[in-house]
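Report on the following structure.
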Amino acid sequence: MHEIHVGEDLRNKNREIAAENRDHLSEHRIVTLNLMSAPGAGKTSLLVKTIPLLEDKYRIGVIEGDLQTNRDAERIEALGIQVFQIQTGGVCHLDAAMVHSALHALDLSEIDILLIENVGNLVCPAEFELGEDARIMLLSVSEGDDKPKKYPLMFRESSVLLLNKIDLLEHVDFDIEKAKREALEINPSLEIREVSCRTGAGIDEWAGWIERFYTERKGS
Ligand SMILES: Nc1nc2c(ncn2[C@@H]2O[C@H](COP(=O)(O)OP(=O)(O)OP(=O)(O)O)[C@@H](O)[C@H]2O)c(=O)[nH]1
Ligand SMILES: [Mg+2]
């Protein structure tokens, strides 16, 4: 008897479209990062802080995933960057087909680095690859240090974990060493960095990581 599980079928189809996106992006020599986190961890703030450090050297494009509004896309547009807004209309994550449409709307010949802000959600985005080169996760210290063990999938699927809002550490009960240890138990190759989009701490180093990643993938 053949059985098909709807979720599995969806994810297989998504994987096929993600592979097409990856080929398409690679033909254009674009390096793509998929930013994921719970709502409000600081994805848009991170883009706003990071893009000015990269734009002298690289042409940046952004895809903004949002449930309902254009607010984040407007924050990025104010930087004078090519941005495409995907409103998912309530769907809790971006999928490869949505990104495929965005790739047709953007001028890919004018982009070196594509930054995708996924919908704020700690679970669903990790289940859908988009054709990205790496997944970057943000966890803000106001969310609690128990999140790696409670929501392991996103930690497992990411290459980099940015611990954001470290300016708030003295005000919250967040054991940063415990969070790092438990995240590494889930994913030993996770690169963990501390940042603050408020004070700018760690942001230069993070932009440096993107530059090195770009060079590794595409040459200088
Ligand atoms: N204190 C402090 N606040 C921050 C920091 N980074 C972001 N914020 C604030 O956190 C709130 C949410 O930031 P956003 O950048 O909108 O977060 P987001 O992840 O893009 O949110 P969604 O798109 O809704 O998922 C805003 O009020 C930011 O000003 C930080 O490092 N420190
Ligand atoms: Mg945002």
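Residues in the structure tokens are named by chain (A, B, ... in the order shown) and by number from 1 within that chain; ligands are numbered from 1 in the order shown.
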
Sort by chain and increasing residue number a table of all residues of chain A within 9 Å of ligand 1, each with its closest pair of atoms and their distance in Å to one decimal, counting only C-alpha atoms and all ligand atoms, and write it as a tab-separated table.
```
residue	atom	partner	partner_atom_place_in_ligand_line	distance
A:Leu35	CA	ligand 1	19 (O)	8.9
A:Met36	CA	ligand 1	19 (O)	8.0
A:Ser37	CA	ligand 1	19 (O)	6.3
A:Ala38	CA	ligand 1	25 (O)	6.0
A:Pro39	CA	ligand 1	25 (O)	3.3
A:Gly40	CA	ligand 1	21 (O)	3.3
A:Ala41	CA	ligand 1	19 (O)	4.1
A:Gly42	CA	ligand 1	17 (O)	3.3
A:Lys43	CA	ligand 1	20 (O)	3.8
A:Thr44	CA	ligand 1	20 (O)	3.8
A:Ser45	CA	ligand 1	15 (O)	3.6
A:Leu46	CA	ligand 1	15 (O)	6.4
A:Leu47	CA	ligand 1	15 (O)	8.0
A:Val48	CA	ligand 1	15 (O)	8.3
A:Glu64	CA	ligand 1	23 (O)	8.6
A:Gly65	CA	ligand 1	23 (O)	7.9
A:Asp66	CA	ligand 1	23 (O)	6.7
A:Leu67	CA	ligand 1	24 (O)	8.9
A:Arg71	CA	ligand 1	23 (O)	8.7
A:Asp72	CA	ligand 1	23 (O)	6.6
A:Glu117	CA	ligand 1	23 (O)	7.6
A:Asn118	CA	ligand 1	23 (O)	7.8
A:Val119	CA	ligand 1	25 (O)	6.0
A:Gly120	CA	ligand 1	25 (O)	3.6
A:Asn121	CA	ligand 1	25 (O)	7.1
A:Leu138	CA	ligand 1	19 (O)	7.9
A:Ser140	CA	ligand 1	31 (O)	7.7
A:Val141	CA	ligand 1	32 (N)	9.0
A:Leu163	CA	ligand 1	31 (O)	8.9
A:Asn164	CA	ligand 1	31 (O)	5.2
A:Lys165	CA	ligand 1	31 (O)	3.3
A:Ile166	CA	ligand 1	31 (O)	6.2
A:Asp167	CA	ligand 1	32 (N)	5.8
A:Leu168	CA	ligand 1	1 (N)	5.7
A:Val195	CA	ligand 1	31 (O)	6.6
A:Ser196	CA	ligand 1	31 (O)	3.5
A:Cys197	CA	ligand 1	31 (O)	3.6
A:Arg198	CA	ligand 1	31 (O)	4.2
A:Thr199	CA	ligand 1	31 (O)	6.7
A:Gly200	CA	ligand 1	31 (O)	7.6
A:Ala201	CA	ligand 1	31 (O)	8.4
```

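Residues lying within 12 Å of Glu216 in chain A, counting only C-alpha atoms and ignoring same-chain neighbours fewer than 5 positions away, are Val31, Asp133, Trp209, Ile210 and Glu211 of chain A.
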
Pick from A:Ala73, A:Ile30, A:Ala18, A:Leu130 nearest to ligand 2, counting only C-alpha atoms and all ligand atoms: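 Smallest distance to ligand 2 is found for A:Ala73.
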
task: Find the residue from A:Arg135, A:His93, A:His28, A:His171 that sits nearest to Leu108 in chain A; use only C-alpha atoms when measuring.
output: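 Result for the nearest residue to Leu108 in chain A: A:His28.
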
message: as a ChimeraX atom specification, please: the residues near Leu114 in chain A (cut-off 9 Å, only C-alpha atoms, same-chain neighbours under 2 positions excluded).
response: /A:30-34,59-63,111-112,116,132

Keeping N, CA, C and O atoms for every residue in the selection just given, could you write it to a file as a short mmCIF file (atom, residue, chain, number, x, y, z; two decimals), in the first residue's frame?
```cif
data_model
loop_
_atom_site.label_atom_id
_atom_site.label_comp_id
_atom_site.auth_asym_id
_atom_site.auth_seq_id
_atom_site.Cartn_x
_atom_site.Cartn_y
_atom_site.Cartn_z
N ILE A 30 25.22 35.02 -6.85
CA ILE A 30 24.66 35.70 -5.67
C ILE A 30 24.82 34.78 -4.45
O ILE A 30 24.53 33.58 -4.52
N VAL A 31 25.27 35.36 -3.35
CA VAL A 31 25.32 34.63 -2.07
C VAL A 31 24.07 35.02 -1.27
O VAL A 31 23.76 36.21 -1.13
N THR A 32 23.36 34.02 -0.77
CA THR A 32 22.07 34.27 -0.13
C THR A 32 22.05 33.78 1.32
O THR A 32 22.44 32.64 1.59
N LEU A 33 21.59 34.65 2.20
CA LEU A 33 21.46 34.28 3.62
C LEU A 33 19.99 34.38 4.02
O LEU A 33 19.31 35.34 3.68
N ASN A 34 19.53 33.39 4.76
CA ASN A 34 18.15 33.33 5.23
C ASN A 34 18.14 33.61 6.74
O ASN A 34 18.66 32.82 7.53
N ARG A 59 26.72 44.82 -3.82
CA ARG A 59 25.36 45.26 -4.13
C ARG A 59 24.40 44.33 -3.37
O ARG A 59 24.45 43.11 -3.53
N ILE A 60 23.59 44.94 -2.52
CA ILE A 60 22.75 44.16 -1.60
C ILE A 60 21.30 44.16 -2.10
O ILE A 60 20.79 45.19 -2.52
N GLY A 61 20.65 43.02 -2.01
CA GLY A 61 19.21 42.92 -2.25
C GLY A 61 18.57 42.28 -1.02
O GLY A 61 19.22 41.52 -0.30
N VAL A 62 17.31 42.63 -0.78
CA VAL A 62 16.62 42.08 0.39
C VAL A 62 15.25 41.55 -0.02
O VAL A 62 14.53 42.18 -0.80
N ILE A 63 14.90 40.39 0.50
CA ILE A 63 13.52 39.90 0.42
C ILE A 63 12.97 39.93 1.84
O ILE A 63 13.59 39.40 2.76
N ILE A 111 22.69 42.35 -8.01
CA ILE A 111 22.81 41.89 -6.61
C ILE A 111 24.01 40.95 -6.45
O ILE A 111 24.20 40.03 -7.25
N ASP A 112 24.81 41.20 -5.41
CA ASP A 112 25.89 40.27 -5.02
C ASP A 112 25.48 39.44 -3.80
O ASP A 112 25.79 38.26 -3.72
N ILE A 116 17.55 37.48 3.09
CA ILE A 116 16.12 37.18 3.19
C ILE A 116 15.71 37.23 4.65
O ILE A 116 16.25 36.50 5.48
N GLU A 132 18.89 29.08 -0.09
CA GLU A 132 19.92 29.92 0.51
C GLU A 132 21.26 29.18 0.61
O GLU A 132 21.31 27.96 0.56
#
```

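Residues within 9 Å of Ala102 in chain A, counting only C-alpha atoms and excluding same-chain residues fewer than 6 positions away, are Ile63, Phe84, Gln85 and Ile86 of chain A.
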
field: Residue nearest ligand 2 among A:Leu153, A:Ile136, A:Ile176, A:Ile76 (counting only C-alpha atoms and all ligand atoms)
entry: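 The answer is A:Ile76, which sits nearest to ligand 2.
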
- prompt: Looking at A:Asp9, A:Glu205, A:Glu74, A:Asp56, which one is nearest to ligand 2, with distances taken over only C-alpha atoms and all ligand atoms?
  reply: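 The answer is A:Glu74, which sits nearest to ligand 2.
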
message: Taking 6 positions as the minimum chain separation for residues in the same chain, which residues sit within 10 Å of Asp146 in chain A when counting only C-alpha atoms? Answer as a ChimeraX atom specification.
response: /A:174-175,178-179,182-183

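Closest approach to Asp95 in chain A among A:Arg75, A:Arg29, A:Arg15, A:Arg217 is made by A:Arg15 (distances from only C-alpha atoms).
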
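Among A:Ile203, A:Tyr58, A:Thr69, A:Asp173, the residue with the shortest atom-to-atom distance to ligand 2, counting only C-alpha atoms and all ligand atoms, is A:Thr69.
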
task: Within 10 Å of Glu191 in chain A, counting only C-alpha atoms, which residues show up once you throw out same-chain ones fewer than 3 positions away? Write them as a list in words, please.
output: Ile136, Ser158, Ser159, Val160, Leu161, Leu162, Lys180, Ala183, Leu184, Asn187 and Pro188 of chain A

- request: Please provide as a ChimeraX atom specification all residues within 10 Å of His100 in chain A, with the sequence filter that same-chain residues fewer than 5 positions apart are discarded (counting only C-alpha atoms).
  value: /A:17-18,20-22,24,95,105,130-131
